[in-house]
file target36.txt (compact mmCIF, C-alpha atoms and all ligand atoms)
# COMPACT_ATOMS: atom_id res chain seq x y z
CA MET A 1 22.94 47.14 -326.69
CA SER A 2 19.34 47.36 -325.73
CA VAL A 3 18.18 50.41 -323.90
CA THR A 4 15.36 50.74 -321.49
CA ILE A 5 13.20 53.51 -320.21
CA VAL A 6 12.05 54.25 -316.73
CA ASP A 7 9.36 56.37 -315.21
CA LEU A 8 10.68 59.87 -314.67
CA GLY A 9 8.69 60.45 -311.52
CA HIS A 10 10.74 57.77 -309.85
CA PHE A 11 13.93 59.43 -310.97
CA ALA A 12 12.88 62.74 -309.54
CA GLN A 13 12.66 61.16 -306.10
CA VAL A 14 16.13 59.72 -305.95
CA ASN A 15 19.20 61.72 -305.25
CA GLN A 16 20.85 61.61 -308.65
CA ARG A 17 24.14 63.00 -307.47
CA SER A 18 24.72 60.17 -305.03
CA MET A 19 23.59 57.48 -307.42
CA PRO A 20 26.38 55.83 -309.36
CA LEU A 21 26.28 55.95 -313.12
CA ALA A 22 25.84 52.18 -313.34
CA GLU A 23 22.64 52.37 -311.34
CA ARG A 24 21.26 55.24 -313.35
CA LEU A 25 22.03 53.46 -316.56
CA ALA A 26 20.50 50.24 -315.28
CA GLN A 27 17.30 52.10 -314.55
CA VAL A 28 17.28 53.71 -317.97
CA GLN A 29 17.85 50.27 -319.49
CA HIS A 30 15.00 48.69 -317.60
CA ASP A 31 11.86 48.99 -319.67
CA LEU A 32 12.55 50.03 -323.19
CA ALA A 33 11.22 46.66 -324.29
CA ASP A 34 8.02 48.29 -325.51
CA TYR A 35 9.90 50.29 -328.12
CA PRO A 36 12.08 49.47 -331.08
CA PRO A 37 15.55 49.91 -329.62
CA PRO A 38 16.54 53.54 -330.01
CA ARG A 39 20.10 54.74 -330.02
CA LEU A 40 21.03 56.16 -326.67
CA THR A 41 23.37 59.09 -327.07
CA ALA A 42 24.93 60.08 -323.77
CA VAL A 43 25.11 63.85 -323.69
CA SER A 44 28.42 64.40 -321.95
CA LYS A 45 28.83 68.17 -322.14
CA GLN A 46 30.36 69.51 -318.93
CA VAL A 47 31.04 65.96 -317.80
CA PRO A 48 34.70 65.09 -317.11
CA ALA A 49 36.48 62.57 -319.34
CA GLU A 50 36.77 59.99 -316.56
CA ASP A 51 32.96 59.81 -316.34
CA LEU A 52 32.79 59.16 -320.06
CA ARG A 53 35.32 56.39 -319.59
CA ARG A 54 33.08 54.87 -316.93
CA ALA A 55 30.06 55.16 -319.22
CA HIS A 56 32.04 53.50 -321.99
CA ALA A 57 32.95 50.64 -319.65
CA LEU A 58 29.21 50.19 -319.05
CA GLY A 59 28.60 49.79 -322.76
CA LEU A 60 27.77 53.28 -323.98
CA ARG A 61 29.37 54.17 -327.29
CA HIS A 62 27.61 57.28 -328.57
CA PHE A 63 28.52 60.55 -326.88
CA GLY A 64 27.13 63.99 -327.63
CA GLU A 65 29.07 67.18 -327.07
CA ASN A 66 28.28 70.76 -327.92
CA TYR A 67 31.39 72.72 -327.06
CA LEU A 68 34.12 72.06 -329.60
CA GLN A 69 37.18 72.81 -327.48
CA GLU A 70 35.85 70.82 -324.54
CA ALA A 71 35.04 67.90 -326.84
CA LEU A 72 38.48 67.90 -328.44
CA ARG A 73 40.14 67.79 -325.02
CA LYS A 74 38.03 64.79 -324.03
CA GLN A 75 38.66 63.05 -327.33
CA ALA A 76 42.38 63.40 -326.70
CA ALA A 77 42.02 62.08 -323.14
CA LEU A 78 39.99 59.10 -324.37
CA ASN A 79 42.15 58.45 -327.39
CA ASP A 80 42.64 54.80 -326.42
CA LEU A 81 38.89 54.08 -326.68
CA ASN A 82 38.69 53.87 -330.42
CA ASP A 83 35.08 52.74 -330.74
CA ILE A 84 33.46 55.89 -329.35
CA VAL A 85 31.12 57.56 -331.82
CA TRP A 86 31.16 61.31 -331.31
CA HIS A 87 28.10 63.42 -332.05
CA PHE A 88 28.27 67.18 -332.25
CA ILE A 89 24.87 68.29 -331.01
CA GLY A 90 25.05 72.01 -330.50
CA ARG A 91 24.93 75.21 -332.41
CA ILE A 92 27.52 75.23 -335.15
CA GLN A 93 29.56 78.37 -335.49
CA ARG A 94 30.88 79.01 -338.93
CA ASN A 95 34.50 79.20 -337.86
CA LYS A 96 34.26 75.79 -336.16
CA THR A 97 33.00 73.80 -339.13
CA LYS A 98 36.44 72.52 -340.13
CA ASN A 99 37.21 70.79 -336.84
CA ILE A 100 33.63 69.67 -336.32
CA ALA A 101 33.72 67.94 -339.70
CA ARG A 102 37.02 66.27 -338.95
CA TYR A 103 36.57 65.14 -335.37
CA PHE A 104 32.95 63.98 -335.23
CA THR A 105 31.07 61.14 -336.90
CA TRP A 106 27.65 62.76 -336.55
CA VAL A 107 26.60 66.37 -336.67
CA GLU A 108 23.13 66.94 -335.29
CA GLY A 109 22.00 70.43 -335.81
CA VAL A 110 22.66 71.57 -339.34
CA ASP A 111 20.13 74.29 -340.01
CA HIS A 112 21.59 76.22 -342.91
CA LEU A 113 22.98 75.25 -346.31
CA LEU A 114 26.06 77.39 -345.84
CA ILE A 115 27.03 75.37 -342.77
CA ALA A 116 26.40 72.13 -344.64
CA GLU A 117 28.60 73.28 -347.51
CA ARG A 118 31.44 74.18 -345.18
CA LEU A 119 31.19 70.82 -343.42
CA ASN A 120 31.17 69.11 -346.80
CA THR A 121 34.33 70.85 -347.93
CA ALA A 122 36.15 70.07 -344.70
CA ARG A 123 35.15 66.42 -344.81
CA ALA A 124 36.72 65.71 -348.21
CA GLY A 125 38.96 62.64 -348.16
CA MET A 126 37.16 61.07 -345.22
CA PRO A 127 34.08 58.81 -345.04
CA PRO A 128 30.87 60.85 -345.40
CA LEU A 129 29.81 62.78 -342.31
CA ASN A 130 26.40 61.79 -340.92
CA VAL A 131 24.17 64.83 -340.69
CA LEU A 132 20.81 65.61 -339.12
CA ILE A 133 18.86 68.74 -339.93
CA GLU A 134 17.77 70.58 -336.80
CA VAL A 135 14.20 71.81 -336.92
CA ALA A 136 13.01 74.72 -334.78
CA ILE A 137 9.79 72.87 -334.12
CA SER A 138 8.65 74.85 -331.12
CA GLY A 139 8.97 78.20 -332.84
CA GLU A 140 11.06 81.02 -331.52
CA ALA A 141 11.21 79.79 -327.96
CA ARG A 142 14.33 77.82 -328.85
CA LYS A 143 17.39 79.05 -330.63
CA GLY A 144 18.74 77.18 -333.62
CA GLY A 145 17.07 75.05 -336.23
CA CYS A 146 15.44 75.77 -339.55
CA LEU A 147 11.74 76.32 -339.98
CA PRO A 148 9.69 73.18 -340.67
CA GLU A 149 8.74 74.47 -344.11
CA GLN A 150 12.44 74.84 -345.02
CA VAL A 151 13.20 71.17 -344.43
CA PRO A 152 12.43 69.76 -347.92
CA GLU A 153 14.61 72.24 -349.78
CA LEU A 154 17.48 72.07 -347.30
CA ALA A 155 17.33 68.27 -347.25
CA LEU A 156 17.48 68.06 -351.02
CA ALA A 157 20.46 70.43 -351.17
CA ILE A 158 22.33 68.55 -348.44
CA SER A 159 21.65 65.20 -350.08
CA ARG A 160 23.61 66.43 -353.09
CA LEU A 161 26.77 67.15 -351.13
CA PRO A 162 29.16 64.24 -351.66
CA HIS A 163 30.93 64.27 -348.30
CA LEU A 164 27.78 64.46 -346.19
CA ARG A 165 25.23 61.75 -345.61
CA LEU A 166 21.87 63.12 -344.61
CA ARG A 167 20.39 60.71 -342.05
CA GLY A 168 17.34 62.56 -340.77
CA LEU A 169 16.08 65.17 -338.37
CA MET A 170 16.74 66.41 -334.87
CA ALA A 171 14.83 68.72 -332.54
CA LEU A 172 14.49 70.09 -329.06
CA VAL A 173 10.84 70.47 -328.16
CA SER A 174 8.95 72.83 -325.92
CA PRO A 175 9.37 72.33 -322.17
CA ASP A 176 5.59 72.48 -321.90
CA ARG A 177 4.26 68.92 -321.96
CA GLN A 178 1.18 69.66 -324.03
CA GLN A 179 3.13 71.68 -326.56
CA ALA A 180 5.87 69.04 -326.59
CA ASN A 181 3.29 66.50 -327.66
CA THR A 182 2.34 68.65 -330.63
CA ASP A 183 6.02 69.25 -331.44
CA PHE A 184 6.86 65.54 -331.37
CA ARG A 185 3.86 64.73 -333.55
CA ARG A 186 4.86 67.34 -336.11
CA MET A 187 8.44 66.06 -336.13
CA ALA A 188 7.19 62.54 -336.80
CA VAL A 189 5.20 63.81 -339.79
CA LEU A 190 8.15 65.79 -341.15
CA PHE A 191 10.37 62.75 -340.76
CA SER A 192 7.96 60.43 -342.50
CA THR A 193 7.46 62.92 -345.32
CA LEU A 194 11.20 63.23 -345.75
CA GLN A 195 11.59 59.45 -345.91
CA HIS A 196 8.97 59.24 -348.63
CA THR A 197 9.97 62.20 -350.75
CA LEU A 198 13.72 62.35 -350.75
CA PRO A 199 15.38 60.10 -353.30
CA HIS A 200 17.86 59.07 -350.69
CA PRO A 201 17.91 55.69 -348.99
CA ALA A 202 19.53 56.55 -345.71
CA ILE A 203 16.94 58.66 -343.90
CA ASP A 204 16.70 56.56 -340.76
CA THR A 205 17.25 58.84 -337.78
CA LEU A 206 14.79 60.93 -335.82
CA SER A 207 16.71 62.33 -332.87
CA MET A 208 14.44 63.80 -330.23
CA GLY A 209 13.88 63.38 -326.52
CA THR A 210 16.05 64.47 -323.60
CA SER A 211 16.00 63.55 -319.90
CA ALA A 212 12.76 65.46 -319.42
CA ASP A 213 10.75 64.00 -322.26
CA TYR A 214 12.33 60.90 -323.76
CA LEU A 215 9.40 58.60 -323.06
CA GLN A 216 7.11 60.97 -324.86
CA ALA A 217 9.60 61.18 -327.73
CA LEU A 218 9.70 57.39 -328.05
CA GLU A 219 5.92 57.26 -328.17
CA HIS A 220 6.22 59.45 -331.23
CA GLY A 221 8.81 57.33 -332.99
CA ALA A 222 12.17 58.77 -331.93
CA THR A 223 15.00 56.53 -333.13
CA GLU A 224 17.58 58.34 -331.02
CA ILE A 225 17.29 59.89 -327.59
CA ARG A 226 19.85 62.22 -326.07
CA LEU A 227 20.23 61.91 -322.33
CA GLY A 228 22.50 64.08 -320.23
CA THR A 229 21.20 64.87 -316.76
CA LEU A 230 19.51 61.53 -316.31
CA LEU A 231 22.81 59.68 -316.74
CA PHE A 232 25.39 62.05 -315.36
CA GLY A 233 23.46 64.17 -312.89
CA HIS A 234 22.98 67.90 -312.99
CA ARG A 235 25.57 69.92 -314.81
CA THR A 236 27.27 72.47 -312.62
CA ARG A 237 29.97 74.00 -314.75
CA GLU A 238 29.57 76.13 -317.84
CA SER A 239 31.98 73.96 -319.76
CA LEU A 240 35.14 71.94 -319.18
C1 LIG A 301 22.11 69.25 -323.25
C2 LIG A 301 21.40 68.67 -324.41
C3 LIG A 301 20.68 67.47 -324.28
C4 LIG A 301 20.55 66.70 -322.97
O1 LIG A 301 19.69 67.33 -322.10
P1 LIG A 301 19.36 66.65 -320.67
O2 LIG A 301 18.18 67.41 -320.23
O3 LIG A 301 20.55 66.89 -319.83
O4 LIG A 301 19.09 65.23 -320.90
C5 LIG A 301 20.07 66.96 -325.41
N1 LIG A 301 20.15 67.60 -326.60
C6 LIG A 301 20.82 68.75 -326.76
C7 LIG A 301 20.86 69.40 -328.09
C8 LIG A 301 21.46 69.33 -325.66
O5 LIG A 301 22.12 70.48 -325.83

call {"tool": "encode", "arguments": {"input": "target36.txt", "output": "structure tokens"}}
result
Amino acid sequence: MSVTIVDLGHFAQVNQRSMPLAERLAQVQHDLADYPPPRLTAVSKQVPAEDLRRAHALGLRHFGENYLQEALRKQAALNDLNDIVWHFIGRIQRNKTKNIARYFTWVEGVDHLLIAERLNTARAGMPPLNVLIEVAISGEARKGGCLPEQVPELALAISRLPHLRLRGLMALVSPDRQQANTDFRRMAVLFSTLQHTLPHPAIDTLSMGTSADYLQALEHGATEIRLGTLLFGHRTRESL
């Protein structure tokens, strides 16, 4: 499906809670024409399964979750929708690697070789797991992610693991607009460098941009944006 982008100022003025998902999505789908079509991953953490079902009916297929137990419950509830592509987008705890490897198609947020190795082991016997390296691009302000200078070595090591398929990079940038611009630019450089240096054909995904900054991310070459609030409204619960 094609995806479109809308001016965020407009969004801020409407009451998101009263606006149906279809309308929100229609607005998001409105002007992406200026960009190569990115993948829209609907970040559905803390969103009930029936809302995901509605989003699926509207054409969304990629869903991002970051609490394992919550995600597994929703996967069970949506078991009949067999074309959903599940992305694990959060911090990966060591003791969760087994189920994350088995129940997701993408893992965005690998930042340590040990985690990659555990995912690799757990994925044996299944098609390779798509993996993005998370980069702590805005420094210590954000938790999670490896340092930019660690990317080449980690990428090379991951690319040698047979049950993982390294697809690219992922990041959360600074909430400060100016700093975000710098962060996005640096991510684009890291991504391009990785594409040119790694003897690996499948580096095609630069996942960056959330509800607050996805337009900016697209300007800098994001191939995947991850939208939660903009589609589903503000999250109220800690987790489901
Ligand atoms: C929650 C989350 C998002 C979505 O953020 P919104 O501001 O709700 O769009 C994107 N990426 C990650 C890693 C997240 O945890």

call {"tool": "atom_distance", "arguments": {"input": "target36.txt", "atom1": "atom CA of A:Val107", "atom2": "atom CA of A:Ile89"}}
result
6.2 Å

call {"tool": "residues_near_ligand", "arguments": {"input": "target36.txt", "ligand": "ligand LIG 301 (chain A)", "cutoff": "7 Å", "atoms": "all atoms listed in the file", "output": "ChimeraX atom specification"}}
result
/A:43,45,66,89-90,172,210-212,226-230

call {"tool": "closest_residue", "arguments": {"input": "target36.txt", "among": "A:Arg73, A:Leu81, A:Leu60, A:Leu68", "to": "A:Thr97", "atoms": "all atoms listed in the file"}}
result
A:Leu68

call {"tool": "closest_residue", "arguments": {"input": "target36.txt", "among": "A:Arg54, A:His62, A:Arg102, A:His87", "to": "A:Ala124", "atoms": "all atoms listed in the file"}}
result
A:Arg102

call {"tool": "atom_distance", "arguments": {"input": "target36.txt", "atom1": "atom CA of A:Ala180", "atom2": "atom CA of A:Ala26"}}
result
26.4 Å

call {"tool": "residues_around", "arguments": {"input": "target36.txt", "residues": "A:Arg160", "least_positions_apart": "6", "cutoff": "12 Å", "atoms": "only C-alpha atoms", "output": "mmCIF file with C-alpha atoms, in the coordinates of the input"}}
result
data_model
loop_
_atom_site.group_PDB
_atom_site.id
_atom_site.type_symbol
_atom_site.label_atom_id
_atom_site.label_comp_id
_atom_site.auth_asym_id
_atom_site.auth_seq_id
_atom_site.Cartn_x
_atom_site.Cartn_y
_atom_site.Cartn_z
ATOM 1 C CA LEU A 113 22.980 75.250 -346.310
ATOM 2 C CA ALA A 116 26.400 72.130 -344.640
ATOM 3 C CA GLU A 117 28.600 73.280 -347.510
ATOM 4 C CA ASN A 120 31.170 69.110 -346.800
ATOM 5 C CA PRO A 128 30.870 60.850 -345.400
ATOM 6 C CA GLU A 153 14.610 72.240 -349.780
ATOM 7 C CA LEU A 154 17.480 72.070 -347.300
ATOM 8 C CA LEU A 166 21.870 63.120 -344.610
ATOM 9 C CA LEU A 198 13.720 62.350 -350.750
ATOM 10 C CA PRO A 199 15.380 60.100 -353.300
ATOM 11 C CA HIS A 200 17.860 59.070 -350.690
#

call {"tool": "atom_distance", "arguments": {"input": "target36.txt", "atom1": "atom CA of A:Phe184", "atom2": "atom CA of A:Leu114"}}
result
26.8 Å

call {"tool": "closest_residue", "arguments": {"input": "target36.txt", "among": "A:Pro127, A:Ile115, A:Tyr103, A:Arg177", "to": "A:Ala157", "atoms": "all atoms listed in the file"}}
result
A:Ile115

call {"tool": "residues_near_point", "arguments": {"input": "target36.txt", "point": "(31.9, 57.4, -312.8)", "cutoff": "12 Å", "atoms": "only C-alpha atoms", "output": "PDB file with C-alpha atoms, in the coordinates of the input"}}
result
ATOM      1  CA  ARG A  17      24.140  63.000-307.470  1.00  0.00           C
ATOM      2  CA  SER A  18      24.720  60.170-305.030  1.00  0.00           C
ATOM      3  CA  MET A  19      23.590  57.480-307.420  1.00  0.00           C
ATOM      4  CA  PRO A  20      26.380  55.830-309.360  1.00  0.00           C
ATOM      5  CA  LEU A  21      26.280  55.950-313.120  1.00  0.00           C
ATOM      6  CA  ALA A  22      25.840  52.180-313.340  1.00  0.00           C
ATOM      7  CA  GLU A  23      22.640  52.370-311.340  1.00  0.00           C
ATOM      8  CA  ARG A  24      21.260  55.240-313.350  1.00  0.00           C
ATOM      9  CA  LEU A  25      22.030  53.460-316.560  1.00  0.00           C
ATOM     10  CA  VAL A  47      31.040  65.960-317.800  1.00  0.00           C
ATOM     11  CA  PRO A  48      34.700  65.090-317.110  1.00  0.00           C
ATOM     12  CA  ALA A  49      36.480  62.570-319.340  1.00  0.00           C
ATOM     13  CA  GLU A  50      36.770  59.990-316.560  1.00  0.00           C
ATOM     14  CA  ASP A  51      32.960  59.810-316.340  1.00  0.00           C
ATOM     15  CA  LEU A  52      32.790  59.160-320.060  1.00  0.00           C
ATOM     16  CA  ARG A  53      35.320  56.390-319.590  1.00  0.00           C
ATOM     17  CA  ARG A  54      33.080  54.870-316.930  1.00  0.00           C
ATOM     18  CA  ALA A  55      30.060  55.160-319.220  1.00  0.00           C
ATOM     19  CA  HIS A  56      32.040  53.500-321.990  1.00  0.00           C
ATOM     20  CA  ALA A  57      32.950  50.640-319.650  1.00  0.00           C
ATOM     21  CA  LEU A  58      29.210  50.190-319.050  1.00  0.00           C
ATOM     22  CA  LEU A 231      22.810  59.680-316.740  1.00  0.00           C
ATOM     23  CA  PHE A 232      25.390  62.050-315.360  1.00  0.00           C
ATOM     24  CA  GLY A 233      23.460  64.170-312.890  1.00  0.00           C
TER      25      GLY A 233
END

call {"tool": "closest_atom_pairs", "arguments": {"input": "target36.txt", "of": "stretch 54-114 of chain A", "to": "stretch 138-152 of chain A", "cutoff": "9 Å", "atoms": "all atoms listed in the file", "output": "CSV"}}
result
residue,atom,partner,partner_atom,distance
A:Gly90,CA,A:Gly144,CA,8.7
A:Arg91,CA,A:Gly144,CA,6.6
A:Gly109,CA,A:Gly145,CA,6.8
A:Val110,CA,A:Gly145,CA,7.3
A:Asp111,CA,A:Gly145,CA,4.9
A:His112,CA,A:Cys146,CA,7.0

call {"tool": "closest_residue", "arguments": {"input": "target36.txt", "among": "A:Leu119, A:Leu40, A:Val189, A:Val28", "to": "A:Gly221", "atoms": "all atoms listed in the file"}}
result
A:Val189

call {"tool": "closest_residue", "arguments": {"input": "target36.txt", "among": "A:Gly59, A:Gly168, A:Pro36, A:Gly64", "to": "A:Ile203", "atoms": "only C-alpha atoms"}}
result
A:Gly168

call {"tool": "closest_residue", "arguments": {"input": "target36.txt", "among": "A:His220, A:His30, A:Arg165, A:His234", "to": "A:Ser192", "atoms": "all atoms listed in the file"}}
result
A:His220

call {"tool": "residues_around", "arguments": {"input": "target36.txt", "residues": "A:Leu72", "least_positions_apart": "2", "cutoff": "12 Å", "atoms": "all atoms listed in the file", "output": "list of chain:residue names"}}
result
A:Lys45, A:Ala49, A:Glu65, A:Asn66, A:Tyr67, A:Leu68, A:Gln69, A:Glu70, A:Lys74, A:Gln75, A:Ala76, A:Ala77, A:Leu78, A:Asn79, A:Trp86, A:His87, A:Phe88, A:Lys96, A:Asn99, A:Ile100, A:Arg102, A:Tyr103, A:Phe104, A:Leu240

call {"tool": "decode", "arguments": {"input": "target36.txt", "residues": "stretch 111-131 of chain A", "atoms": "N, CA, C and O atoms", "output": "tab-separated table (two decimals), in the first residue's frame"}}
result
chain	number	residue	atom	x	y	z
A	111	ASP	N	21.33	-4.58	19.90
A	111	ASP	CA	22.42	-3.64	20.16
A	111	ASP	C	23.64	-4.32	20.77
A	111	ASP	O	24.58	-3.66	21.19
A	112	HIS	N	23.62	-5.65	20.79
A	112	HIS	CA	24.71	-6.36	21.43
A	112	HIS	C	24.84	-7.73	20.77
A	112	HIS	O	23.83	-8.39	20.51
A	113	LEU	N	26.07	-8.17	20.55
A	113	LEU	CA	26.28	-9.45	19.86
A	113	LEU	C	25.69	-10.62	20.64
A	113	LEU	O	25.15	-11.56	20.06
A	114	LEU	N	25.77	-10.56	21.96
A	114	LEU	CA	25.24	-11.64	22.77
A	114	LEU	C	23.75	-11.86	22.50
A	114	LEU	O	23.28	-12.99	22.39
A	115	ILE	N	23.02	-10.76	22.39
A	115	ILE	CA	21.58	-10.85	22.09
A	115	ILE	C	21.38	-11.46	20.71
A	115	ILE	O	20.53	-12.32	20.51
A	116	ALA	N	22.17	-11.00	19.76
A	116	ALA	CA	22.07	-11.53	18.39
A	116	ALA	C	22.34	-13.03	18.38
A	116	ALA	O	21.63	-13.79	17.72
A	117	GLU	N	23.33	-13.46	19.13
A	117	GLU	CA	23.67	-14.89	19.15
A	117	GLU	C	22.55	-15.72	19.76
A	117	GLU	O	22.23	-16.81	19.29
A	118	ARG	N	21.93	-15.18	20.78
A	118	ARG	CA	20.82	-15.91	21.41
A	118	ARG	C	19.61	-15.98	20.47
A	118	ARG	O	18.95	-17.01	20.38
A	119	LEU	N	19.34	-14.89	19.79
A	119	LEU	CA	18.24	-14.90	18.80
A	119	LEU	C	18.55	-15.92	17.71
A	119	LEU	O	17.68	-16.67	17.26
A	120	ASN	N	19.78	-15.93	17.26
A	120	ASN	CA	20.21	-16.84	16.21
A	120	ASN	C	19.98	-18.29	16.60
A	120	ASN	O	19.40	-19.07	15.84
A	121	THR	N	20.38	-18.63	17.80
A	121	THR	CA	20.21	-20.00	18.28
A	121	THR	C	18.74	-20.38	18.33
A	121	THR	O	18.34	-21.46	17.88
A	122	ALA	N	17.93	-19.47	18.84
A	122	ALA	CA	16.50	-19.77	19.01
A	122	ALA	C	15.76	-19.84	17.68
A	122	ALA	O	14.68	-20.42	17.58
A	123	ARG	N	16.32	-19.25	16.65
A	123	ARG	CA	15.65	-19.19	15.36
A	123	ARG	C	15.95	-20.40	14.47
A	123	ARG	O	15.37	-20.56	13.40
A	124	ALA	N	16.84	-21.26	14.90
A	124	ALA	CA	17.23	-22.41	14.09
A	124	ALA	C	16.00	-23.19	13.64
A	124	ALA	O	15.05	-23.35	14.40
A	125	GLY	N	15.99	-23.62	12.38
A	125	GLY	CA	14.88	-24.41	11.87
A	125	GLY	C	13.75	-23.57	11.31
A	125	GLY	O	12.76	-24.10	10.81
A	126	MET	N	13.88	-22.26	11.41
A	126	MET	CA	12.87	-21.36	10.85
A	126	MET	C	13.53	-20.48	9.79
A	126	MET	O	14.75	-20.42	9.72
A	127	PRO	N	12.73	-19.76	8.97
A	127	PRO	CA	13.35	-18.82	8.04
A	127	PRO	C	14.12	-17.76	8.83
A	127	PRO	O	13.75	-17.46	9.95
A	128	PRO	N	15.20	-17.21	8.23
A	128	PRO	CA	16.01	-16.24	8.97
A	128	PRO	C	15.17	-15.09	9.54
A	128	PRO	O	14.21	-14.63	8.93
A	129	LEU	N	15.57	-14.65	10.72
A	129	LEU	CA	14.90	-13.55	11.40
A	129	LEU	C	15.49	-12.23	10.90
A	129	LEU	O	16.71	-12.06	10.88
A	130	ASN	N	14.63	-11.30	10.49
A	130	ASN	CA	15.11	-10.00	10.03
A	130	ASN	C	15.50	-9.15	11.23
A	130	ASN	O	14.72	-9.01	12.18
A	131	VAL	N	16.68	-8.57	11.15
A	131	VAL	CA	17.23	-7.87	12.31
A	131	VAL	C	17.70	-6.47	11.92
A	131	VAL	O	18.29	-6.28	10.85
